[in-house]
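Here's my_file.txt, which has compact mmCIF, C-alpha atoms:
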```txt
# COMPACT_ATOMS: atom_id res chain seq x y z
CA MET A 1 110.75 149.90 150.62
CA LEU A 2 113.89 148.97 148.71
CA GLY A 3 113.06 151.23 145.77
CA SER A 4 112.51 154.16 148.11
CA GLN A 5 115.87 153.58 149.77
CA LEU A 6 117.69 153.36 146.45
CA ARG A 7 116.09 156.60 145.30
CA ARG A 8 117.13 158.35 148.52
CA LEU A 9 120.73 157.12 148.19
CA ARG A 10 120.92 158.15 144.52
CA GLU A 11 119.60 161.64 145.23
CA GLN A 12 121.96 162.12 148.19
CA LYS A 13 124.89 161.24 145.94
CA GLY A 14 123.65 163.50 143.12
CA VAL A 15 123.56 160.64 140.58
CA THR A 16 121.12 160.92 137.67
CA ARG A 17 118.81 158.06 136.73
CA GLN A 18 120.58 157.89 133.40
CA ASP A 19 123.99 157.37 135.02
CA ALA A 20 122.56 154.81 137.44
CA GLY A 21 120.98 152.94 134.53
CA TYR A 22 124.31 152.87 132.67
CA VAL A 23 126.01 151.12 135.61
CA ILE A 24 123.50 148.25 135.63
CA ARG A 25 123.16 148.13 131.84
CA ALA A 26 119.60 149.46 131.90
CA SER A 27 117.62 152.49 130.80
CA GLU A 28 116.71 155.58 132.80
CA SER A 29 113.08 154.43 132.81
CA LYS A 30 114.15 151.08 134.29
CA ILE A 31 115.73 152.92 137.24
CA SER A 32 112.51 154.87 137.66
CA ARG A 33 110.46 151.65 137.73
CA LEU A 34 112.91 150.08 140.19
CA GLU A 35 112.62 153.05 142.52
CA LEU A 36 108.82 152.87 142.35
CA GLY A 37 108.88 149.15 143.13
CA ARG A 38 107.20 148.25 139.85
CA VAL A 39 109.76 145.71 138.60
CA SER A 40 111.72 142.95 140.29
CA PHE A 41 115.28 143.45 141.55
CA LYS A 42 118.41 141.56 140.64
CA GLU A 43 120.71 141.29 143.63
CA ARG A 44 123.72 141.99 141.40
CA ASP A 45 122.14 145.23 140.17
CA VAL A 46 121.39 146.39 143.71
CA ASP A 47 124.97 145.58 144.71
CA ASP A 48 126.33 147.64 141.79
CA LEU A 49 124.04 150.58 142.61
CA LEU A 50 125.10 150.56 146.26
CA THR A 51 128.73 150.79 145.13
CA LEU A 52 127.87 153.69 142.83
CA TYR A 53 126.05 155.45 145.65
CA GLY A 54 129.02 155.08 147.99
CA VAL A 55 127.41 152.69 150.48
CA SER A 56 130.47 151.02 152.02
CA ASP A 57 129.15 150.01 155.44
CA LYS A 58 128.81 146.22 155.41
CA THR A 59 125.78 146.16 157.72
CA GLU A 60 123.86 148.71 155.65
CA ARG A 61 124.74 146.95 152.39
CA GLU A 62 123.66 143.56 153.71
CA ALA A 63 120.34 144.96 155.01
CA LEU A 64 119.54 146.38 151.57
CA LEU A 65 120.67 143.23 149.75
CA GLN A 66 118.45 141.20 152.09
CA LEU A 67 115.54 143.45 151.12
CA ALA A 68 116.32 142.67 147.47
CA ARG A 69 116.13 138.95 148.20
CA GLU A 70 112.86 139.34 150.09
CA ALA A 71 111.38 141.60 147.39
CA ASN A 72 111.64 138.73 144.92
CA THR A 73 110.14 136.12 147.26
CA PRO A 74 106.36 135.71 146.88
CA GLY A 75 104.51 136.39 150.15
CA TRP A 76 101.66 134.26 151.49
CA TRP A 77 99.16 136.76 150.04
CA HIS A 78 100.21 135.98 146.46
CA ARG A 79 98.02 132.89 146.51
CA TYR A 80 95.08 135.32 146.51
CA ASN A 81 96.24 136.91 143.24
CA ASP A 82 92.95 136.19 141.51
CA VAL A 83 91.00 138.39 143.97
CA LEU A 84 93.75 140.79 145.05
CA PRO A 85 94.43 143.79 142.77
CA GLY A 86 98.09 144.58 142.11
CA TRP A 87 97.96 147.96 143.82
CA PHE A 88 96.68 146.33 147.04
CA GLN A 89 99.26 143.52 146.95
CA THR A 90 101.84 146.23 147.56
CA TYR A 91 99.96 147.39 150.65
CA VAL A 92 99.61 143.90 152.11
CA GLY A 93 103.35 143.36 151.69
CA LEU A 94 104.13 146.64 153.44
CA GLU A 95 101.61 145.89 156.21
CA GLU A 96 103.24 142.50 156.74
CA SER A 97 106.60 144.22 157.30
CA ALA A 98 105.40 147.10 159.45
CA ALA A 99 106.22 147.48 163.14
CA LEU A 100 103.64 150.25 163.67
CA ILE A 101 100.36 150.77 161.80
CA ARG A 102 98.42 153.98 162.45
CA THR A 103 95.12 154.29 160.63
CA TYR A 104 92.12 156.61 160.43
CA GLU A 105 88.81 155.38 158.99
CA LEU A 106 85.54 157.23 158.54
CA GLN A 107 83.49 154.92 156.30
CA PHE A 108 84.07 151.46 157.76
CA VAL A 109 85.75 149.81 160.73
CA PRO A 110 89.44 149.30 159.73
CA GLY A 111 90.03 145.98 157.97
CA LEU A 112 92.40 144.70 160.67
CA LEU A 113 89.67 145.19 163.28
CA GLN A 114 86.67 143.80 161.41
CA SER A 115 84.75 140.79 162.70
CA GLU A 116 84.21 138.02 160.18
CA GLY A 117 80.52 138.86 159.76
CA TYR A 118 81.19 142.58 159.30
CA ALA A 119 84.05 141.87 156.85
CA ARG A 120 81.76 139.66 154.78
CA ALA A 121 79.07 142.35 154.67
CA VAL A 122 81.57 145.06 153.64
CA ILE A 123 83.16 142.86 150.97
CA ARG A 124 79.73 142.04 149.52
CA LEU A 125 78.97 145.77 149.26
CA GLY A 126 82.13 146.40 147.26
CA ASN A 127 81.84 143.32 145.05
CA ALA A 128 78.21 143.18 143.99
CA GLY A 129 77.54 140.16 141.81
CA ALA A 130 80.70 138.29 142.87
CA ALA A 131 80.42 134.52 143.34
CA GLU A 132 80.23 133.25 146.92
CA GLN A 133 83.59 131.50 146.48
CA GLU A 134 85.23 134.83 145.65
CA ILE A 135 83.61 136.46 148.69
CA ASP A 136 84.94 133.61 150.84
CA GLN A 137 88.45 134.13 149.47
CA ARG A 138 88.38 137.85 150.18
CA VAL A 139 87.12 137.28 153.73
CA GLU A 140 89.81 134.65 154.28
CA LEU A 141 92.49 137.08 153.11
CA ARG A 142 91.27 139.75 155.52
CA LEU A 143 91.28 137.30 158.43
CA GLN A 144 94.77 136.15 157.46
CA ARG A 145 95.99 139.75 157.65
CA GLN A 146 94.43 140.10 161.10
CA GLY A 147 96.28 137.04 162.34
CA ARG A 148 99.53 138.97 162.55
CA LEU A 149 98.13 141.11 165.39
CA THR A 150 98.18 138.10 167.72
CA GLY A 151 101.19 136.29 166.26
CA PRO A 152 104.92 136.53 166.96
CA ASP A 153 106.48 139.94 166.26
CA ALA A 154 103.00 141.46 166.18
CA PRO A 155 102.93 145.10 165.05
CA ARG A 156 101.51 147.93 167.11
CA LEU A 157 98.13 149.00 165.72
CA TRP A 158 96.72 152.42 166.60
CA ALA A 159 93.34 153.03 165.00
CA VAL A 160 91.15 156.12 165.08
CA VAL A 161 87.61 155.32 163.91
CA ASP A 162 85.10 158.02 163.07
CA GLU A 163 81.82 157.66 164.96
CA GLY A 164 80.05 157.66 161.59
CA ALA A 165 81.61 154.30 160.71
CA LEU A 166 80.19 152.81 163.91
CA LYS A 167 76.72 154.28 163.40
CA ARG A 168 76.45 152.96 159.83
CA PRO A 169 74.42 149.70 160.08
CA ILE A 170 76.51 147.38 157.92
CA GLY A 171 74.98 143.90 157.69
CA GLY A 172 72.18 144.58 160.16
CA PRO A 173 71.91 144.69 163.99
CA GLU A 174 73.32 141.20 164.66
CA VAL A 175 76.44 141.87 162.58
CA MET A 176 76.96 145.25 164.24
CA ARG A 177 76.61 143.74 167.72
CA GLY A 178 79.26 141.21 166.80
CA GLN A 179 81.48 143.98 165.50
CA PHE A 180 81.18 146.05 168.69
CA GLU A 181 81.98 142.98 170.80
CA HIS A 182 84.98 142.27 168.56
CA LEU A 183 86.30 145.83 168.93
CA ILE A 184 86.01 145.63 172.72
CA GLU A 185 87.96 142.35 172.72
CA MET A 186 90.62 143.69 170.33
CA SER A 187 91.10 146.76 172.54
CA LYS A 188 92.30 144.42 175.30
CA LEU A 189 95.36 143.39 173.27
CA PRO A 190 98.50 145.13 174.56
CA ASN A 191 99.56 146.08 171.02
CA VAL A 192 96.19 147.53 169.94
CA THR A 193 94.88 151.04 170.68
CA ILE A 194 91.44 152.13 169.48
CA GLN A 195 89.97 155.63 169.67
CA ILE A 196 86.65 157.00 168.45
CA MET A 197 86.45 160.44 166.81
CA PRO A 198 83.01 161.59 168.08
CA PHE A 199 80.44 163.59 166.12
CA ARG A 200 80.30 166.19 168.88
CA PHE A 201 83.84 167.30 168.09
CA GLY A 202 82.74 168.74 164.73
CA GLY A 203 85.43 169.40 162.10
CA HIS A 204 88.83 167.85 162.66
CA ALA A 205 92.32 167.40 161.22
CA ALA A 206 91.51 164.57 158.79
CA GLU A 207 88.47 165.84 156.93
CA GLY A 208 90.28 164.86 153.72
CA GLY A 209 89.50 161.18 154.30
CA ALA A 210 90.91 157.87 155.46
CA PHE A 211 94.61 157.08 155.46
CA THR A 212 97.15 154.69 156.99
CA ILE A 213 100.73 155.36 158.08
CA LEU A 214 103.15 152.42 158.13
CA ARG A 215 106.42 152.47 160.08
CA PHE A 216 109.05 149.76 159.76
CA PRO A 217 111.50 148.25 162.25
CA GLU A 218 114.53 149.39 160.23
CA GLN A 219 115.13 152.96 161.40
CA ASP A 220 116.59 154.15 158.09
CA LEU A 221 113.46 153.14 156.14
CA PRO A 222 110.98 155.98 155.61
CA ASP A 223 107.39 155.83 156.80
CA VAL A 224 104.83 155.17 154.06
CA VAL A 225 101.40 156.79 153.87
CA TYR A 226 98.71 154.73 152.12
CA VAL A 227 95.68 156.54 150.69
CA GLU A 228 93.09 154.41 148.88
CA ASN A 229 90.46 155.36 146.31
CA LEU A 230 87.87 153.39 144.35
CA THR A 231 90.23 152.18 141.63
CA GLY A 232 93.71 152.28 143.18
CA ALA A 233 95.89 153.82 145.85
CA MET A 234 98.72 156.27 146.47
CA TYR A 235 101.87 155.40 148.39
CA LEU A 236 103.57 158.51 149.79
CA ASP A 237 107.04 158.42 151.34
CA LYS A 238 108.45 161.90 150.77
CA ARG A 239 109.21 163.57 154.08
CA ASP A 240 106.96 166.60 153.57
CA ASP A 241 103.97 164.43 152.61
CA VAL A 242 104.50 162.02 155.48
CA ASP A 243 104.91 164.85 158.00
CA THR A 244 101.56 166.36 156.95
CA TYR A 245 99.78 163.07 157.61
CA LEU A 246 101.68 162.47 160.84
CA GLN A 247 100.56 165.86 162.13
CA ALA A 248 96.95 165.08 161.19
CA MET A 249 97.16 161.71 162.97
CA GLU A 250 98.65 163.27 166.11
CA ARG A 251 95.85 165.83 166.15
CA LEU A 252 93.24 163.09 165.69
CA CYS A 253 94.63 161.12 168.63
CA VAL A 254 94.56 164.20 170.87
CA ASP A 255 91.03 165.21 169.87
CA SER A 256 89.41 161.75 169.88
CA ALA A 257 87.95 159.94 172.88
CA THR A 258 90.63 158.29 175.01
CA PRO A 259 91.07 154.50 174.63
CA GLU A 260 89.32 154.00 177.99
CA ARG A 261 86.40 156.24 177.04
CA THR A 262 86.26 154.52 173.64
CA VAL A 263 85.59 151.15 175.31
CA GLU A 264 82.76 152.78 177.28
CA LEU A 265 81.29 154.24 174.06
CA LEU A 266 81.51 150.83 172.36
CA GLY A 267 79.64 149.33 175.30
CA ASP A 268 76.94 151.97 174.90
CA LEU A 269 76.64 151.19 171.17
CA LEU A 270 76.43 147.48 171.92
CA ARG A 271 73.56 148.00 174.37
CA GLU A 272 71.71 150.31 171.95
CA THR A 273 71.95 147.96 168.94
```
Mind turning the file's structure into structure tokens?
Amino acid sequence: MLGSQLRRLREQKGVTRQDAGYVIRASESKISRLELGRVSFKERDVDDLLTLYGVSDKTEREALLQLAREANTPGWWHRYNDVLPGWFQTYVGLEESAALIRTYELQFVPGLLQSEGYARAVIRLGNAGAAEQEIDQRVELRLQRQGRLTGPDAPRLWAVVDEGALKRPIGGPEVMRGQFEHLIEMSKLPNVTIQIMPFRFGGHAAEGGAFTILRFPEQDLPDVVYVENLTGAMYLDKRDDVDTYLQAMERLCVDSATPERTVELLGDLLRET
């Protein structure tokens, strides 16, 4: 988040990475790594860059300096470092800060909406041969992430789930029944909206695959699109990229079953399982 803001400010001012690096006694590549969030921030360096970029408003400066302090403070998820890949640590940190999470899934139920039994079955599929202790840690991490949905300052979660994910029998009938019951209960939360994209609709706006859009409480921070693959993930925050995904998400929400109809469909699936 901070790196993205610094990049935006630098580009608006027309400052090169080389000139920015000179001001903080660093190389051009160091500025690039800072803007990508790949190295830690020194508060003094951020302060010097804000001066170079002409940020004089005290409130804006303090908000960005506070981000620098927070960026260097390990989050609760860092205690799972041994089972959490670096590229996903970034996502968990962004998710923890988000005010609105919009997600589309077509392979599995979204992680934030998984029951414990379903989460364990999914994690076993992706970590064949892992020790039971490692599986337990991964499940615990997923449940910890879910806890924010019912805690103070809970984010708004809007999830569109492809019908295929609900028809795929992960973990067997008992696990799936528990998952359907869990989704029905989660849909009752005032900050959670769930919609099913039904088979009968045919092709739709997100045939390219699953993605998540994160929006933050600070209005001047850009949305971030998260797209995961088997070995890593992409984090997109350029306006054109984000707009493309926002349009796809809006179309998905219009074309999917309404939240009320979704609860009815989940009830049908529960009775059929």
(request) Have a look at atom CA of Ser56 of chain A and atom CA of Val39 of chain A and let me know their distance in Å, one decimal. (result) 25.2 Å
(message) Quick one: residues within 8 Å of Asn72 of chain A, all atoms listed in the file, excluding same-chain residues fewer than 3 positions away - as a list in words?
(response)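 The contact residues come out as Ser40, Phe41, Ala68 and Arg69 of chain A.
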(request) Pick out the closest residue to Val242 of chain A from this set: A:Thr212, A:Ser256, A:Thr51, A:Gln133. Count all atoms listed in the file. (result)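 Of all the options, A:Thr212 lies closest to Val242 of chain A.
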(message) Using Å and a single decimal, report how far atom CA of Glu185 of chain A sits from atom CA of Leu166 of chain A.
(response) 15.7 Å
(message) The residues within 10 Å of (119.2, 155.8, 142.8), using all atoms listed in the file and the coordinates of the file, should be reported as a PyMOL selection string; which are they?
(response) chain A and resi 3-21+31-32+34-35+46+49-50+52-53
(message) When you look at Glu228 of chain A with a cut-off of 8 Å (counting all atoms listed in the file), what residues show up, excluding the ones that are within fewer than 3 positions of it in the same chain? I need them as a list in words.
(response)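 Here the answer would be Ala210, Phe211, Gly232, Ala233 and Met234 of chain A.
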Each segment 174-271 of chain A residue no farther than 12 Å from segment 86-94 of chain A, nearest pair in Å, all atoms listed in the file, as a Markdown table:
```
| residue | atom | partner | partner_atom | distance |
| --- | --- | --- | --- | --- |
| A:Thr212 | CA | A:Tyr91 | CA | 10.1 |
| A:Ile213 | CA | A:Leu94 | CA | 10.4 |
| A:Leu214 | CA | A:Leu94 | CA | 7.5 |
| A:Arg215 | CA | A:Leu94 | CA | 9.1 |
| A:Phe216 | CA | A:Leu94 | CA | 8.6 |
| A:Pro217 | CA | A:Leu94 | CA | 11.6 |
| A:Leu221 | CA | A:Leu94 | CA | 11.7 |
| A:Pro222 | CA | A:Leu94 | CA | 11.8 |
| A:Asp223 | CA | A:Leu94 | CA | 10.3 |
| A:Val224 | CA | A:Leu94 | CA | 8.6 |
| A:Val225 | CA | A:Tyr91 | CA | 10.0 |
| A:Tyr226 | CA | A:Tyr91 | CA | 7.6 |
| A:Val227 | CA | A:Tyr91 | CA | 10.1 |
| A:Glu228 | CA | A:Phe88 | CA | 9.0 |
| A:Asn229 | CA | A:Trp87 | CA | 10.8 |
| A:Leu230 | CA | A:Trp87 | CA | 11.5 |
| A:Thr231 | CA | A:Trp87 | CA | 9.1 |
| A:Gly232 | CA | A:Trp87 | CA | 6.1 |
| A:Ala233 | CA | A:Trp87 | CA | 6.5 |
| A:Met234 | CA | A:Trp87 | CA | 8.8 |
| A:Tyr235 | CA | A:Tyr91 | CA | 8.5 |
| A:Leu236 | CA | A:Tyr91 | CA | 11.7 |
```
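Across the model, the gap from atom CA of Arg138 of chain A to atom CA of Ile123 of chain A is 7.3 Å.
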Where's the centre, and what are the edge lengths in Å to one decimal, of a box along x, y and z enclosing all listed atoms of segment 215-222 of chain A padded 3 Å per side, as lines of an AutoDock Vina configuration file?
```
center_x = 111.5
center_y = 152.1
center_z = 158.9
size_x = 16.2
size_y = 13.7
size_z = 12.6
```
(message) Applying 9 Å and only C-alpha atoms, which residues near Ala121 of chain A remain after dropping the ones on its own chain fewer than 6 positions away? List them as a VMD selection string.
(response) chain A and resid 170 to 171 175
For the residues in the current selection, export C-alpha atoms as a PDB file, in the coordinates of the input.
```pdb
ATOM      1  CA  ILE A 170      76.510 147.380 157.920  1.00  0.00           C
ATOM      2  CA  GLY A 171      74.980 143.900 157.690  1.00  0.00           C
ATOM      3  CA  VAL A 175      76.440 141.870 162.580  1.00  0.00           C
TER       4      VAL A 175
END
```
(request) Please identify all polymer residues within 10 Å of Ala154 of chain A, counting all atoms listed in the file, omitting same-chain residues fewer than 6 positions from it, and present them as a list of chain:residue names. (result)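 Everything that qualifies: A:Glu96, A:Ser97, A:Ala98, A:Ala99, A:Leu100, A:Gly147, A:Arg148, A:Asn191, A:Val192.
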(request) Go through A:Leu67, A:Val23, A:Leu183, A:Arg44 and flag the residue nearest Gly111 of chain A, using only C-alpha atoms for the distances. (result) A:Leu183
(message) Between A:Tyr80, A:Tyr245, A:Tyr22, A:Tyr104, which residue has the minimum interatomic distance to Val160 of chain A, considering all atoms listed in the file?
(response)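 Counting all atoms listed in the file, the residue closest to Val160 of chain A is A:Tyr104.
If all atoms listed in the file are the atoms counted, then among A:Val109, A:Ile196, A:Ala257, A:Leu64 the closest residue to Val122 of chain A is A:Val109.
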(message) Ranking A:Arg102, A:Arg271, A:Ile135, A:Ser187 by minimum distance to Cys253 of chain A and counting only C-alpha atoms, which one comes first?
(response)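 Of the candidates, the smallest distance to Cys253 of chain A is held by A:Arg102.
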Take segment 17-28 of chain A, bring it up to all heavy atoms, and give me the output as an mmCIF file, in the coordinates of the input.
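Listing of selection_7.cif after writing:
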```cif
data_model
loop_
_atom_site.group_PDB
_atom_site.id
_atom_site.type_symbol
_atom_site.label_atom_id
_atom_site.label_comp_id
_atom_site.auth_asym_id
_atom_site.auth_seq_id
_atom_site.Cartn_x
_atom_site.Cartn_y
_atom_site.Cartn_z
ATOM 1 N N ARG A 17 119.356 159.384 137.072
ATOM 2 C CA ARG A 17 118.810 158.060 136.730
ATOM 3 C C ARG A 17 119.524 157.487 135.518
ATOM 4 O O ARG A 17 119.733 156.275 135.425
ATOM 5 C CB ARG A 17 117.304 158.157 136.468
ATOM 6 C CG ARG A 17 116.453 158.401 137.706
ATOM 7 C CD ARG A 17 114.983 158.148 137.401
ATOM 8 N NE ARG A 17 114.142 158.399 138.572
ATOM 9 C CZ ARG A 17 113.531 159.530 138.834
ATOM 10 N NH1 ARG A 17 113.657 160.555 137.998
ATOM 11 N NH2 ARG A 17 112.786 159.672 139.919
ATOM 12 N N GLN A 18 119.887 158.346 134.598
ATOM 13 C CA GLN A 18 120.580 157.890 133.400
ATOM 14 C C GLN A 18 121.920 157.256 133.752
ATOM 15 O O GLN A 18 122.266 156.176 133.244
ATOM 16 C CB GLN A 18 120.794 159.060 132.437
ATOM 17 C CG GLN A 18 121.428 158.654 131.103
ATOM 18 C CD GLN A 18 121.527 159.837 130.147
ATOM 19 O OE1 GLN A 18 121.216 160.964 130.502
ATOM 20 N NE2 GLN A 18 121.958 159.581 128.928
ATOM 21 N N ASP A 19 122.689 157.913 134.628
ATOM 22 C CA ASP A 19 123.990 157.370 135.020
ATOM 23 C C ASP A 19 123.829 156.078 135.819
ATOM 24 O O ASP A 19 124.612 155.135 135.664
ATOM 25 C CB ASP A 19 124.762 158.394 135.855
ATOM 26 C CG ASP A 19 125.254 159.573 135.018
ATOM 27 O OD1 ASP A 19 125.299 159.427 133.781
ATOM 28 O OD2 ASP A 19 125.569 160.629 135.604
ATOM 29 N N ALA A 20 122.808 156.034 136.668
ATOM 30 C CA ALA A 20 122.560 154.810 137.440
ATOM 31 C C ALA A 20 122.191 153.669 136.506
ATOM 32 O O ALA A 20 122.652 152.530 136.673
ATOM 33 C CB ALA A 20 121.448 155.053 138.449
ATOM 34 N N GLY A 21 121.370 153.967 135.487
ATOM 35 C CA GLY A 21 120.980 152.940 134.530
ATOM 36 C C GLY A 21 122.177 152.407 133.760
ATOM 37 O O GLY A 21 122.272 151.201 133.497
ATOM 38 N N TYR A 22 123.115 153.289 133.412
ATOM 39 C CA TYR A 22 124.310 152.870 132.670
ATOM 40 C C TYR A 22 125.107 151.833 133.451
ATOM 41 O O TYR A 22 125.610 150.853 132.888
ATOM 42 C CB TYR A 22 125.184 154.091 132.363
ATOM 43 C CG TYR A 22 126.437 153.762 131.592
ATOM 44 C CD1 TYR A 22 126.405 153.565 130.216
ATOM 45 C CD2 TYR A 22 127.662 153.626 132.250
ATOM 46 C CE1 TYR A 22 127.561 153.249 129.510
ATOM 47 C CE2 TYR A 22 128.819 153.308 131.563
ATOM 48 C CZ TYR A 22 128.772 153.129 130.185
ATOM 49 O OH TYR A 22 129.912 152.809 129.496
ATOM 50 N N VAL A 23 125.213 152.024 134.763
ATOM 51 C CA VAL A 23 126.010 151.120 135.610
ATOM 52 C C VAL A 23 125.429 149.713 135.630
ATOM 53 O O VAL A 23 126.174 148.729 135.677
ATOM 54 C CB VAL A 23 126.104 151.691 137.045
ATOM 55 C CG1 VAL A 23 126.616 150.648 138.027
ATOM 56 C CG2 VAL A 23 127.012 152.909 137.058
ATOM 57 N N ILE A 24 124.105 149.596 135.589
ATOM 58 C CA ILE A 24 123.500 148.250 135.630
ATOM 59 C C ILE A 24 122.993 147.829 134.250
ATOM 60 O O ILE A 24 122.164 146.925 134.137
ATOM 61 C CB ILE A 24 122.370 148.180 136.673
ATOM 62 C CG1 ILE A 24 121.203 149.107 136.300
ATOM 63 C CG2 ILE A 24 122.888 148.476 138.066
ATOM 64 C CD1 ILE A 24 119.951 148.850 137.138
ATOM 65 N N ARG A 25 123.481 148.502 133.207
ATOM 66 C CA ARG A 25 123.160 148.130 131.840
ATOM 67 C C ARG A 25 121.652 148.188 131.584
ATOM 68 O O ARG A 25 121.035 147.273 131.045
ATOM 69 C CB ARG A 25 123.696 146.715 131.526
ATOM 70 C CG ARG A 25 125.203 146.593 131.727
ATOM 71 C CD ARG A 25 125.669 145.200 132.049
ATOM 72 N NE ARG A 25 125.127 144.721 133.321
ATOM 73 C CZ ARG A 25 125.617 145.061 134.521
ATOM 74 N NH1 ARG A 25 126.647 145.888 134.610
ATOM 75 N NH2 ARG A 25 125.078 144.577 135.618
ATOM 76 N N ALA A 26 121.049 149.295 132.039
ATOM 77 C CA ALA A 26 119.600 149.460 131.900
ATOM 78 C C ALA A 26 119.291 150.901 131.518
ATOM 79 O O ALA A 26 120.173 151.768 131.516
ATOM 80 C CB ALA A 26 118.892 149.104 133.207
ATOM 81 N N SER A 27 118.037 151.156 131.205
ATOM 82 C CA SER A 27 117.620 152.490 130.800
ATOM 83 C C SER A 27 117.268 153.354 132.008
ATOM 84 O O SER A 27 117.093 152.864 133.135
ATOM 85 C CB SER A 27 116.388 152.393 129.887
ATOM 86 O OG SER A 27 115.287 151.862 130.615
ATOM 87 N N GLU A 28 117.136 154.652 131.756
ATOM 88 C CA GLU A 28 116.710 155.580 132.800
ATOM 89 C C GLU A 28 115.319 155.216 133.321
ATOM 90 O O GLU A 28 115.045 155.284 134.523
ATOM 91 C CB GLU A 28 116.703 157.006 132.229
ATOM 92 C CG GLU A 28 116.237 158.078 133.188
ATOM 93 C CD GLU A 28 116.254 159.463 132.559
ATOM 94 O OE1 GLU A 28 116.757 159.605 131.427
ATOM 95 O OE2 GLU A 28 115.745 160.400 133.204
#
```
